[in-house]
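Colleague: Sending over run_10.pdb (PDB, C-alpha atoms).
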```pdb
ATOM      1  CA  MET A   1       0.000   0.000   0.000
ATOM      2  CA  LYS A   2       1.358   3.413  -1.017
ATOM      3  CA  ILE A   3       0.600   6.365   1.247
ATOM      4  CA  LEU A   4       1.379   9.985   0.380
ATOM      5  CA  VAL A   5       1.775  12.503   3.213
ATOM      6  CA  THR A   6       2.011  16.260   2.649
ATOM      7  CA  GLY A   7       3.600  18.798   4.980
ATOM      8  CA  ALA A   8       6.667  16.744   5.942
ATOM      9  CA  GLY A   9       8.144  19.856   7.560
ATOM     10  CA  SER A  10       5.184  20.469   9.858
ATOM     11  CA  LEU A  11       4.481  19.010  13.287
ATOM     12  CA  LEU A  12       1.268  17.492  11.921
ATOM     13  CA  GLY A  13       2.801  15.997   8.789
ATOM     14  CA  GLN A  14       5.678  14.531  10.762
ATOM     15  CA  GLY A  15       3.221  13.181  13.318
ATOM     16  CA  ILE A  16       1.275  11.398  10.578
ATOM     17  CA  ILE A  17       4.478   9.835   9.212
ATOM     18  CA  ARG A  18       5.563   8.727  12.692
ATOM     19  CA  THR A  19       2.143   7.205  13.318
ATOM     20  CA  LEU A  20       2.199   5.367   9.991
ATOM     21  CA  ASN A  21       5.572   3.927  10.949
ATOM     22  CA  LYS A  22       3.950   2.362  14.032
ATOM     23  CA  ILE A  23       1.487   0.355  11.933
ATOM     24  CA  ASP A  24       2.444  -3.273  11.391
ATOM     25  CA  LYS A  25       1.809  -3.258   7.643
ATOM     26  CA  ASN A  26       3.960  -3.263   4.553
ATOM     27  CA  LEU A  27       3.421   0.445   3.885
ATOM     28  CA  TYR A  28       5.322   2.369   1.234
ATOM     29  CA  LEU A  29       5.517   5.972   2.452
ATOM     30  CA  ILE A  30       5.914   8.996   0.209
ATOM     31  CA  ALA A  31       6.319  12.517   1.629
ATOM     32  CA  VAL A  32       6.293  16.011   0.162
ATOM     33  CA  ASP A  33       7.024  19.501   1.408
ATOM     34  CA  VAL A  34       7.914  22.928   0.068
ATOM     35  CA  ASN A  35      11.346  22.863   1.734
ATOM     36  CA  PRO A  36      14.014  20.223   0.944
ATOM     37  CA  TYR A  37      15.383  20.541   4.492
ATOM     38  CA  SER A  38      12.192  19.195   6.100
ATOM     39  CA  ALA A  39      12.993  16.342   8.481
ATOM     40  CA  GLY A  40       9.979  14.204   7.588
ATOM     41  CA  LEU A  41      11.222  13.859   4.013
ATOM     42  CA  PHE A  42      14.081  11.715   5.268
ATOM     43  CA  TRP A  43      11.874   9.241   7.149
ATOM     44  CA  VAL A  44      10.241   7.807   4.006
ATOM     45  CA  LYS A  45      11.134   5.838   0.895
ATOM     46  CA  GLU A  46      10.177   8.475  -1.690
ATOM     47  CA  LYS A  47      10.171  12.272  -1.423
ATOM     48  CA  TYR A  48       9.358  15.347  -3.526
ATOM     49  CA  ILE A  49       9.220  19.139  -3.359
ATOM     50  CA  ILE A  50       5.924  20.847  -4.239
ATOM     51  CA  PRO A  51       4.787  24.499  -4.515
ATOM     52  CA  TYR A  52       3.063  26.343  -1.656
ATOM     53  CA  ALA A  53      -0.638  25.657  -1.234
ATOM     54  CA  ASN A  54      -1.541  29.226  -2.249
ATOM     55  CA  SER A  55       0.364  28.858  -5.533
ATOM     56  CA  SER A  56      -1.520  28.585  -8.812
ATOM     57  CA  GLU A  57       0.647  25.511  -9.501
ATOM     58  CA  TYR A  58      -0.259  23.638  -6.301
ATOM     59  CA  LEU A  59      -3.249  21.617  -7.535
ATOM     60  CA  GLU A  60      -1.464  20.611 -10.723
ATOM     61  CA  SER A  61       1.512  19.446  -8.648
ATOM     62  CA  ILE A  62      -0.802  17.221  -6.578
ATOM     63  CA  LYS A  63      -2.193  15.708  -9.778
ATOM     64  CA  LYS A  64       1.326  15.011 -11.051
ATOM     65  CA  LEU A  65       2.226  13.418  -7.717
ATOM     66  CA  LEU A  66      -0.799  11.154  -7.704
ATOM     67  CA  TYR A  67      -0.152  10.119 -11.315
ATOM     68  CA  LYS A  68       3.547   9.459 -10.677
ATOM     69  CA  THR A  69       3.325   7.718  -7.298
ATOM     70  CA  LYS A  70       0.051   5.788  -7.779
ATOM     71  CA  ALA A  71      -0.672   6.484  -4.094
ATOM     72  CA  ASP A  72      -3.548   4.591  -2.486
ATOM     73  CA  PHE A  73      -4.042   7.181   0.279
ATOM     74  CA  LEU A  74      -3.372  10.891   0.655
ATOM     75  CA  PHE A  75      -3.003  12.262   4.188
ATOM     76  CA  ILE A  76      -2.810  16.044   4.558
ATOM     77  CA  GLY A  77      -0.191  17.492   6.903
ATOM     78  CA  THR A  78      -0.918  21.237   6.821
ATOM     79  CA  ASP A  79      -4.046  23.345   7.381
ATOM     80  CA  VAL A  80      -3.492  25.489   4.297
ATOM     81  CA  GLU A  81      -3.945  22.530   1.929
ATOM     82  CA  LEU A  82      -7.244  21.312   3.354
ATOM     83  CA  LEU A  83      -9.716  23.549   1.532
ATOM     84  CA  CYS A  84      -8.213  23.094  -1.935
ATOM     85  CA  LEU A  85      -8.082  19.314  -1.572
ATOM     86  CA  ALA A  86     -11.583  19.205  -0.071
ATOM     87  CA  LYS A  87     -13.000  21.117  -3.043
ATOM     88  CA  ASN A  88     -11.208  18.837  -5.525
ATOM     89  CA  LYS A  89     -11.524  15.556  -3.608
ATOM     90  CA  ILE A  90     -14.219  13.893  -5.726
ATOM     91  CA  ASN A  91     -12.474  14.559  -9.044
ATOM     92  CA  LEU A  92      -9.024  13.597  -7.734
ATOM     93  CA  GLU A  93     -10.265  10.355  -6.198
ATOM     94  CA  LYS A  94     -12.063   9.399  -9.402
ATOM     95  CA  GLU A  95      -9.179  10.276 -11.716
ATOM     96  CA  PHE A  96      -6.348   8.731  -9.673
ATOM     97  CA  ASN A  97      -8.100   5.967  -7.725
ATOM     98  CA  VAL A  98      -6.850   7.421  -4.423
ATOM     99  CA  LYS A  99      -8.536   7.877  -1.048
ATOM    100  CA  ILE A 100      -8.109  11.423   0.294
ATOM    101  CA  VAL A 101      -8.760  11.744   3.999
ATOM    102  CA  VAL A 102     -10.392  15.168   4.112
ATOM    103  CA  SER A 103     -13.819  16.478   5.096
ATOM    104  CA  ASP A 104     -16.307  18.370   2.962
ATOM    105  CA  SER A 105     -15.304  21.969   2.227
ATOM    106  CA  SER A 106     -18.220  23.298   4.325
ATOM    107  CA  VAL A 107     -16.792  21.468   7.376
ATOM    108  CA  ILE A 108     -13.302  22.839   6.655
ATOM    109  CA  GLU A 109     -14.672  26.381   6.442
ATOM    110  CA  ILE A 110     -16.476  26.111   9.806
ATOM    111  CA  ALA A 111     -13.337  24.801  11.462
ATOM    112  CA  ASP A 112     -10.932  27.267   9.835
ATOM    113  CA  ASP A 113     -12.988  30.385  10.567
ATOM    114  CA  LYS A 114     -13.200  31.059  14.325
ATOM    115  CA  LEU A 115     -16.262  33.280  13.892
ATOM    116  CA  LYS A 116     -18.043  30.545  11.927
ATOM    117  CA  THR A 117     -17.000  28.054  14.614
ATOM    118  CA  SER A 118     -18.732  30.166  17.255
ATOM    119  CA  VAL A 119     -21.867  30.519  15.106
ATOM    120  CA  PHE A 120     -21.939  26.755  14.438
ATOM    121  CA  LEU A 121     -21.765  25.964  18.166
ATOM    122  CA  LYS A 122     -24.461  28.512  18.984
ATOM    123  CA  GLN A 123     -26.816  27.299  16.252
ATOM    124  CA  HIS A 124     -26.587  23.726  17.536
ATOM    125  CA  GLY A 125     -27.294  24.698  21.137
ATOM    126  CA  PHE A 126     -23.786  24.033  22.475
ATOM    127  CA  PHE A 127     -21.889  26.200  24.914
ATOM    128  CA  TYR A 128     -19.641  28.526  22.928
ATOM    129  CA  PRO A 129     -17.210  31.388  23.520
ATOM    130  CA  GLU A 130     -18.729  34.817  22.844
ATOM    131  CA  THR A 131     -16.905  35.941  19.701
ATOM    132  CA  VAL A 132     -17.133  39.218  17.788
ATOM    133  CA  ASP A 133     -15.629  40.971  14.807
ATOM    134  CA  PRO A 134     -13.978  44.081  16.338
ATOM    135  CA  ASN A 135     -14.817  46.090  13.213
ATOM    136  CA  ASP A 136     -18.314  46.256  14.707
ATOM    137  CA  ASN A 137     -17.568  48.536  17.658
ATOM    138  CA  ASN A 138     -21.017  48.084  19.205
ATOM    139  CA  LEU A 139     -20.535  44.332  19.394
ATOM    140  CA  LEU A 140     -17.046  44.799  20.796
ATOM    141  CA  GLN A 141     -18.162  47.189  23.517
ATOM    142  CA  ASN A 142     -21.044  44.883  24.442
ATOM    143  CA  LEU A 143     -18.583  42.003  24.796
ATOM    144  CA  ILE A 144     -16.367  44.089  27.067
ATOM    145  CA  LEU A 145     -19.333  45.116  29.232
ATOM    146  CA  LYS A 146     -20.741  41.596  29.380
ATOM    147  CA  LYS A 147     -17.555  39.566  29.882
ATOM    148  CA  GLY A 148     -14.926  42.045  31.030
ATOM    149  CA  PHE A 149     -11.219  41.406  30.809
ATOM    150  CA  PRO A 150      -9.170  39.379  30.107
ATOM    151  CA  LEU A 151     -10.183  38.778  26.505
ATOM    152  CA  ILE A 152      -8.552  36.862  23.664
ATOM    153  CA  VAL A 153      -7.516  38.443  20.367
ATOM    154  CA  LYS A 154      -6.703  36.086  17.496
ATOM    155  CA  PRO A 155      -6.851  35.850  13.698
ATOM    156  CA  ARG A 156     -10.238  34.876  12.331
ATOM    157  CA  VAL A 157      -8.435  32.178  10.326
ATOM    158  CA  GLY A 158      -5.338  30.772  11.955
ATOM    159  CA  ALA A 159      -3.646  27.803  13.584
ATOM    160  CA  ARG A 160      -1.033  26.797  16.200
ATOM    161  CA  SER A 161      -1.861  29.820  18.404
ATOM    162  CA  PHE A 162      -0.152  32.184  15.941
ATOM    163  CA  GLN A 163      -0.931  35.818  16.939
ATOM    164  CA  VAL A 164      -3.223  34.653  19.749
ATOM    165  CA  LYS A 165      -2.972  37.126  22.632
ATOM    166  CA  LYS A 166      -4.579  37.404  26.030
ATOM    167  CA  VAL A 167      -5.258  41.084  26.798
ATOM    168  CA  GLU A 168      -5.990  42.650  30.180
ATOM    169  CA  ASN A 169      -7.263  46.109  29.222
ATOM    170  CA  GLU A 170      -8.770  48.108  26.375
ATOM    171  CA  ASN A 171      -5.493  49.765  25.378
ATOM    172  CA  ASP A 172      -3.768  46.417  24.880
ATOM    173  CA  LEU A 173      -6.872  45.119  23.126
ATOM    174  CA  ASN A 174      -6.780  47.913  20.540
ATOM    175  CA  ASN A 175      -3.037  47.480  20.004
ATOM    176  CA  GLU A 176      -3.342  43.756  19.350
ATOM    177  CA  ILE A 177      -6.326  44.197  17.028
ATOM    178  CA  LYS A 178      -4.208  46.472  14.814
ATOM    179  CA  LYS A 179      -1.537  43.773  14.399
ATOM    180  CA  ILE A 180      -3.912  41.241  12.805
ATOM    181  CA  LYS A 181      -5.311  41.505   9.279
ATOM    182  CA  PHE A 182      -8.677  39.890  10.060
ATOM    183  CA  PRO A 183      -9.008  39.752  13.854
ATOM    184  CA  ILE A 184     -11.684  38.468  16.176
ATOM    185  CA  VAL A 185     -12.129  39.072  19.895
ATOM    186  CA  GLN A 186     -13.276  36.249  22.128
ATOM    187  CA  GLU A 187     -14.189  35.825  25.769
ATOM    188  CA  TYR A 188     -11.523  34.216  27.937
ATOM    189  CA  ILE A 189     -12.578  30.820  29.278
ATOM    190  CA  GLY A 190     -11.190  28.804  32.162
ATOM    191  CA  SER A 191      -7.446  28.733  32.680
ATOM    192  CA  ASP A 192      -4.254  27.268  31.257
ATOM    193  CA  LEU A 193      -4.595  24.474  33.820
ATOM    194  CA  ASN A 194      -7.792  23.067  32.317
ATOM    195  CA  GLU A 195      -7.162  22.998  28.586
ATOM    196  CA  TYR A 196      -8.052  19.840  26.688
ATOM    197  CA  THR A 197      -7.608  18.394  23.223
ATOM    198  CA  ALA A 198     -10.055  15.741  22.039
ATOM    199  CA  SER A 199     -10.019  13.793  18.813
ATOM    200  CA  ALA A 200     -12.724  11.717  17.200
ATOM    201  CA  LEU A 201     -13.171   9.557  14.130
ATOM    202  CA  CYS A 202     -16.490   9.966  12.338
ATOM    203  CA  PHE A 203     -17.981   8.201   9.354
ATOM    204  CA  ASP A 204     -21.577   8.276   8.125
ATOM    205  CA  ASN A 205     -22.522  10.946  10.687
ATOM    206  CA  LYS A 206     -21.514   8.732  13.611
ATOM    207  CA  CYS A 207     -18.705   9.274  16.092
ATOM    208  CA  ASN A 208     -17.007   5.876  16.035
ATOM    209  CA  ALA A 209     -14.144   6.452  18.480
ATOM    210  CA  LEU A 210     -12.685   9.267  20.575
ATOM    211  CA  ILE A 211      -9.925  10.186  22.992
ATOM    212  CA  ILE A 212      -9.549  13.115  25.397
ATOM    213  CA  LEU A 213      -6.264  14.502  26.690
ATOM    214  CA  ARG A 214      -5.517  17.320  29.079
ATOM    215  CA  ARG A 215      -2.527  19.232  27.830
ATOM    216  CA  ASP A 216       0.159  21.721  28.714
ATOM    217  CA  LEU A 217       1.099  24.125  25.948
ATOM    218  CA  ARG A 218       4.382  25.597  24.798
ATOM    219  CA  ASP A 219       4.531  27.874  21.736
ATOM    220  CA  GLY A 220       1.025  26.806  20.767
ATOM    221  CA  ASN A 221       1.790  23.081  20.767
ATOM    222  CA  SER A 222       1.047  20.324  23.289
ATOM    223  CA  TYR A 223       4.279  19.354  25.024
ATOM    224  CA  ARG A 224       2.761  17.362  27.918
ATOM    225  CA  THR A 225      -0.428  15.316  27.641
ATOM    226  CA  TYR A 226      -2.464  13.387  30.197
ATOM    227  CA  HIS A 227      -5.179  10.880  29.370
ATOM    228  CA  VAL A 228      -8.603  11.832  30.760
ATOM    229  CA  GLU A 229     -11.689   9.704  31.359
ATOM    230  CA  ASN A 230     -14.788  11.837  31.814
ATOM    231  CA  LYS A 231     -18.262  10.779  30.694
ATOM    232  CA  LEU A 232     -19.558  14.335  30.372
ATOM    233  CA  PHE A 233     -16.630  15.315  28.160
ATOM    234  CA  GLU A 234     -16.991  12.150  26.064
ATOM    235  CA  ASN A 235     -20.702  12.800  25.511
ATOM    236  CA  ARG A 236     -20.004  16.375  24.454
ATOM    237  CA  VAL A 237     -17.286  15.306  22.004
ATOM    238  CA  ARG A 238     -19.717  12.861  20.390
ATOM    239  CA  GLU A 239     -22.383  15.556  20.149
ATOM    240  CA  TRP A 240     -19.985  18.108  18.635
ATOM    241  CA  ALA A 241     -18.593  15.589  16.148
ATOM    242  CA  GLU A 242     -21.938  14.298  14.953
ATOM    243  CA  ALA A 243     -23.313  17.818  14.544
ATOM    244  CA  LEU A 244     -20.284  18.827  12.453
ATOM    245  CA  ASN A 245     -20.280  15.521  10.497
ATOM    246  CA  PRO A 246     -16.645  15.397   9.331
ATOM    247  CA  PHE A 247     -15.180  12.690   7.135
ATOM    248  CA  GLY A 248     -12.779  10.808   9.382
ATOM    249  CA  PRO A 249     -10.706  12.819  11.850
ATOM    250  CA  VAL A 250     -11.735  15.898  13.799
ATOM    251  CA  ASN A 251     -10.046  17.639  16.715
ATOM    252  CA  PHE A 252     -11.729  19.805  19.376
ATOM    253  CA  GLN A 253      -9.836  22.061  21.735
ATOM    254  CA  PHE A 254     -11.805  23.107  24.774
ATOM    255  CA  ARG A 255     -11.667  24.543  28.261
ATOM    256  CA  ILE A 256     -14.000  24.256  31.242
ATOM    257  CA  ASN A 257     -16.250  27.060  32.470
ATOM    258  CA  GLU A 258     -17.159  27.773  36.094
ATOM    259  CA  LYS A 259     -20.003  25.246  35.922
ATOM    260  CA  GLY A 260     -17.685  22.441  34.792
ATOM    261  CA  GLU A 261     -19.096  22.470  31.264
ATOM    262  CA  PRO A 262     -16.639  22.031  28.355
ATOM    263  CA  ILE A 263     -16.573  24.902  25.855
ATOM    264  CA  VAL A 264     -14.949  24.481  22.437
ATOM    265  CA  PHE A 265     -12.803  27.394  21.340
ATOM    266  CA  GLU A 266     -11.189  25.760  18.303
ATOM    267  CA  ILE A 267     -12.028  22.992  15.852
ATOM    268  CA  ASN A 268      -9.546  21.331  13.502
ATOM    269  CA  ALA A 269     -11.218  19.286  10.775
ATOM    270  CA  ARG A 270      -8.180  17.034  10.423
ATOM    271  CA  PHE A 271      -5.737  14.951  12.405
ATOM    272  CA  SER A 272      -3.887  16.977  15.028
ATOM    273  CA  GLY A 273      -0.294  17.428  16.124
ATOM    274  CA  THR A 274      -0.841  14.999  19.011
ATOM    275  CA  THR A 275      -1.724  12.134  16.639
ATOM    276  CA  PRO A 276       1.492  10.156  17.376
ATOM    277  CA  LEU A 277       1.033  10.676  21.130
ATOM    278  CA  ARG A 278      -2.468   9.251  20.970
ATOM    279  CA  ALA A 279      -1.175   6.275  18.967
ATOM    280  CA  ILE A 280       1.227   5.505  21.831
ATOM    281  CA  MET A 281      -1.802   5.421  24.134
ATOM    282  CA  GLY A 282      -3.542   2.896  21.898
ATOM    283  CA  PHE A 283      -5.611   5.302  19.797
ATOM    284  CA  ASN A 284      -4.045   4.940  16.350
ATOM    285  CA  GLU A 285      -6.562   6.870  14.279
ATOM    286  CA  ILE A 286      -4.469   6.620  11.106
ATOM    287  CA  ASP A 287      -4.581   2.828  11.313
ATOM    288  CA  MET A 288      -8.314   2.887  12.036
ATOM    289  CA  CYS A 289      -8.934   5.117   8.993
ATOM    290  CA  ILE A 290      -6.946   2.839   6.684
ATOM    291  CA  LYS A 291      -8.769  -0.280   7.914
ATOM    292  CA  LYS A 292     -12.130   1.436   7.467
ATOM    293  CA  LEU A 293     -11.513   2.949   4.036
ATOM    294  CA  ALA A 294      -9.361   0.214   2.475
ATOM    295  CA  TYR A 295     -10.927  -2.890   4.001
ATOM    296  CA  ASN A 296     -14.320  -1.654   5.261
ATOM    297  CA  GLU A 297     -13.476  -2.774   8.802
ATOM    298  CA  SER A 298     -15.684  -1.343  11.544
ATOM    299  CA  ILE A 299     -14.076   1.185  13.867
ATOM    300  CA  VAL A 300     -14.280   0.038  17.477
ATOM    301  CA  GLN A 301     -13.456   2.272  20.434
ATOM    302  CA  PRO A 302      -9.995   1.138  21.545
ATOM    303  CA  ILE A 303      -8.908   0.735  25.154
ATOM    304  CA  ILE A 304      -6.782   3.766  26.000
ATOM    305  CA  LYS A 305      -3.631   3.364  28.078
ATOM    306  CA  ASN A 306      -3.566   5.724  31.035
ATOM    307  CA  TYR A 307      -0.274   7.401  30.086
ATOM    308  CA  THR A 308       1.233  10.816  30.646
ATOM    309  CA  ILE A 309       3.441  11.722  27.695
ATOM    310  CA  LEU A 310       6.311  14.216  27.900
ATOM    311  CA  ARG A 311       7.331  15.614  24.532
ATOM    312  CA  HIS A 312      10.888  16.545  23.636
ATOM    313  CA  TRP A 313      13.120  17.456  20.712
ATOM    314  CA  SER A 314      14.869  14.877  18.556
ATOM    315  CA  GLU A 315      17.246  15.059  15.578
ATOM    316  CA  THR A 316      17.456  13.801  12.027
ATOM    317  CA  VAL A 317      20.984  13.742  10.586
ATOM    318  CA  ILE A 318      21.534  13.828   6.820
ATOM    319  CA  GLU A 319      24.389  14.340   4.411
ATOM    320  CA  SER A 320      24.634  18.032   3.507
ATOM    321  CA  SER A 321      24.166  17.317  -0.191
ATOM    322  CA  GLU A 322      21.121  15.056   0.256
ATOM    323  CA  PRO A 323      18.394  17.764   0.015
ATOM    324  CA  GLU A 324      19.778  18.769  -3.372
ATOM    325  CA  THR A 325      18.805  15.356  -4.769
ATOM    326  CA  ILE A 326      15.084  15.724  -3.972
ATOM    327  CA  LYS A 327      13.044  16.208  -7.135
ATOM    328  CA  LYS A 328      10.544  19.002  -7.646
ATOM    329  CA  ILE A 329       7.102  18.170  -8.936
TER
END
```
Can you dump the structure from the file as structure tokens?
Modeller:
Amino acid sequence: MKILVTGAGSLLGQGIIRTLNKIDKNLYLIAVDVNPYSAGLFWVKEKYIIPYANSSEYLESIKKLLYKTKADFLFIGTDVELLCLAKNKINLEKEFNVKIVVSDSSVIEIADDKLKTSVFLKQHGFFYPETVDPNDNNLLQNLILKKGFPLIVKPRVGARSFQVKKVENENDLNNEIKKIKFPIVQEYIGSDLNEYTASALCFDNKCNALIILRRDLRDGNSYRTYHVENKLFENRVREWAEALNPFGPVNFQFRINEKGEPIVFEINARFSGTTPLRAIMGFNEIDMCIKKLAYNESIVQPIIKNYTILRHWSETVIESSEPETIKKI
């Protein structure tokens, strides 16, 4: 089985490759990235350089890759590629006989856009963080009066906590808003001590399996994770997932309000950076997806090992001339 993974220089793409390497199958892994010095490229049997996702040449490069590699699966390792591949999924799958693990474009748009995320949660009757576009000053002032400080300023479309700031007063709020092209302002929920990341696998509008981890963050990424068993949280994750109806993986990041109720502040309609950590705990969602989509095997909730995982740096050593040998598509 040939599996193509994009974003070999990203935490997510590398996590997917590492998780695939844990599967006891004869897998032939192919990786691509925009930069020849991406570590994940050197963990696989075949590697290529492709244009950036916002390039007019990106989609054509994916077609060339699928034609050349005859990949059976395509796993997406960066957020910026999701929407393009979601919009072109049906045609690509038909033309190249490949399975692309990506949700419908409407699901991607809800997850990518933090204002749409808030509206989605509200429309489905879930707890949600009050979120406003600061260009509407009336809405902004109402949020300040209703919720007070601190507040969160972040890009309307963004990932990995880039440009996310906690502000304590109106002066700092206005300064941070000016730094972001399309900002939103959101109420601050809970604390850094009760932040969670939950992942689920969904097919045919049913949440088939899930896992919940409490996490400690560093530079926007989980660097310590702790397995959590909580029936209320599990029920909420199922409800969120089935309302969103993704294809395959979905990730919810949430905190707890004063009533103990989980509140989602971010949705990722994809695998997440903690995918390899969850595989260590017994939740190998990549493996479950392959078995479901390639062999039509039912997804069964796995038994999760009660581990705490401490993340750390590692190294990949290559010959200095090796990146020069990687072909461009």
Colleague: Can you list, as a ChimeraX atom specification, every protein, DNA or RNA residue that comes within 8 Å of Arg311 of chain A when you count all atoms listed in the file, leaving out same-chain residues fewer than 6 positions away?
Modeller: /A:222-224
Colleague: Counting all atoms listed in the file, which residues of segment 191-238 of chain A sit at most 12 Å from some atom of segment 292-304 of chain A, and what is each one's closest atom pair with its distance in Å to one decimal, listed by chain and rising residue number, as CSV?
Modeller:
```
residue,atom,partner,partner_atom,distance
A:Ala200,CA,A:Gln301,CA,10.0
A:Leu201,CA,A:Ile299,CA,8.4
A:Cys202,CA,A:Ile299,CA,9.2
A:Phe203,CA,A:Lys292,CA,9.1
A:Asp204,CA,A:Lys292,CA,11.7
A:Lys206,CA,A:Ile299,CA,10.6
A:Cys207,CA,A:Ile299,CA,9.6
A:Asn208,CA,A:Ile299,CA,5.9
A:Ala209,CA,A:Gln301,CA,4.7
A:Leu210,CA,A:Gln301,CA,7.0
A:Ile211,CA,A:Ile304,CA,7.8
A:Ile212,CA,A:Ile304,CA,9.8
A:Leu213,CA,A:Ile304,CA,10.8
A:Tyr226,CA,A:Ile304,CA,11.4
A:His227,CA,A:Ile304,CA,8.0
A:Val228,CA,A:Ile304,CA,9.5
A:Glu229,CA,A:Ile304,CA,9.4
A:Glu234,CA,A:Gln301,CA,11.9
```
Colleague: What's around Lys165 of chain A at 9 Å? Count only C-alpha atoms, leave out sequence neighbours fewer than 4 positions away in its own chain, and write the answer as a PyMOL selection string.
Modeller: chain A and resi 151-154+161+173+176
Colleague: To one decimal in Å, tell me the separation between atom CA of His124 of chain A and atom CA of Trp240 of chain A.
Modeller: 8.7 Å
Colleague: Which residue gives the smallest distance to Ile110 of chain A among A:Ile280, A:Ile267, A:Leu143, A:Ala31, with only C-alpha atoms counted?
Modeller: A:Ile267
Colleague: Compile the contact shell of segment 57-62 of chain A as number ranges by chain: residues with an atom at most 9 Å away, counting all atoms listed in the file, same-chain residues fewer than 4 positions apart removed.
Modeller: A: 50-53, 66-67, 84-85, 88, 329
Colleague: Applying the PyMOL selection byres ((chain A and resi 87) around 12) to the file I just gave you, which residues come out? Please list them as a ChimeraX atom specification.
Modeller: /A:59,81-86,88-93,100,102-109
Colleague: For each of A:Val185, A:Val101, A:Val5, A:Ala243, take the minimum atom-to-atom distance to Leu115 of chain A, counting all atoms listed in the file, then give the residue where this is smallest.
Modeller: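 Once distances to Leu115 of chain A are computed over all atoms listed in the file, the minimum belongs to A:Val185.
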Colleague: Provide an axis-aligned box for all listed atoms of segment 266-280 of chain A, padding each side by 8 Å; report its centre and its edge lengths in Å to one decimal, as AutoDock Vina command-line options.
Modeller:
```
--center_x -5.3 --center_y 15.6 --center_z 16.1 --size_x 29.5 --size_y 36.3 --size_z 27.4
```
Colleague: For Pro36 of chain A, which residue among A:Leu232, A:Lys147, A:Leu65, A:Gly9 is the nearest when counting only C-alpha atoms?
Modeller: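 Among A:Leu232, A:Lys147, A:Leu65, A:Gly9, it is A:Gly9 that comes nearest to Pro36 of chain A.
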Colleague: Do you know which residues the PyMOL selection byres ((chain A and resi 278) around 10) returns on this file, as a list in words?
Modeller: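 When the PyMOL selection byres ((chain A and resi 278) around 10) is applied to the shown file, the picked residues are Thr19, Ser199, Ile211, Ile212, Leu213, Thr225, His227, Ser272, Gly273, Thr274, Thr275, Pro276, Leu277, Ala279, Ile280, Met281, Gly282, Phe283, Asn284, Glu285, Ile304, Lys305, Tyr307 and Ile309 of chain A.
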Colleague: Could you tell me how far atom CA of Leu74 of chain A sits from atom CA of Ile286 of chain A, in Å to one decimal place?
Modeller: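 We find that atom CA of Ile286 of chain A and atom CA of Leu74 of chain A lie 11.3 Å from each other.
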Colleague: Compare A:Ile189, A:Ala198, A:Ile144, A:Val237 by their minimum atom-to-atom distance to Glu170 of chain A, counting only C-alpha atoms, and give me the closest one.
Modeller: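 Nearest to Glu170 of chain A: A:Ile144.
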Colleague: Could you tell me how far atom CA of Glu319 of chain A sits from atom CA of Val32 of chain A, in Å to one decimal place?
Modeller: 18.7 Å
Colleague: Could you pull the residues within 7 Å of Lys2 of chain A, counting all atoms listed in the file, minus those fewer than 4 positions along the same chain, as a list of chain:residue names?
Modeller: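 Listed by chain and then number, they are A:Leu27, A:Tyr28, A:Leu29, A:Ala71, A:Asp72, A:Phe73.
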Colleague: Check the smallest atom-to-atom distance from each of A:Glu187, A:Glu239, A:Glu261, A:Glu195 to Asn221 of chain A using only C-alpha atoms, then report the winner.
Modeller: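 Checking each of A:Glu187, A:Glu239, A:Glu261, A:Glu195 against Asn221 of chain A, counting only C-alpha atoms, the winner is A:Glu195.
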Colleague: Using all atoms listed in the file, determine which residues lie at most 9 Å from Ser10 of chain A, disregarding the query and same-chain residues fewer than 2 positions distant; provide the list as an MDAnalysis selection string.
Modeller: chainID A and resid 6:8 12:15 33 38:40 77:78 273
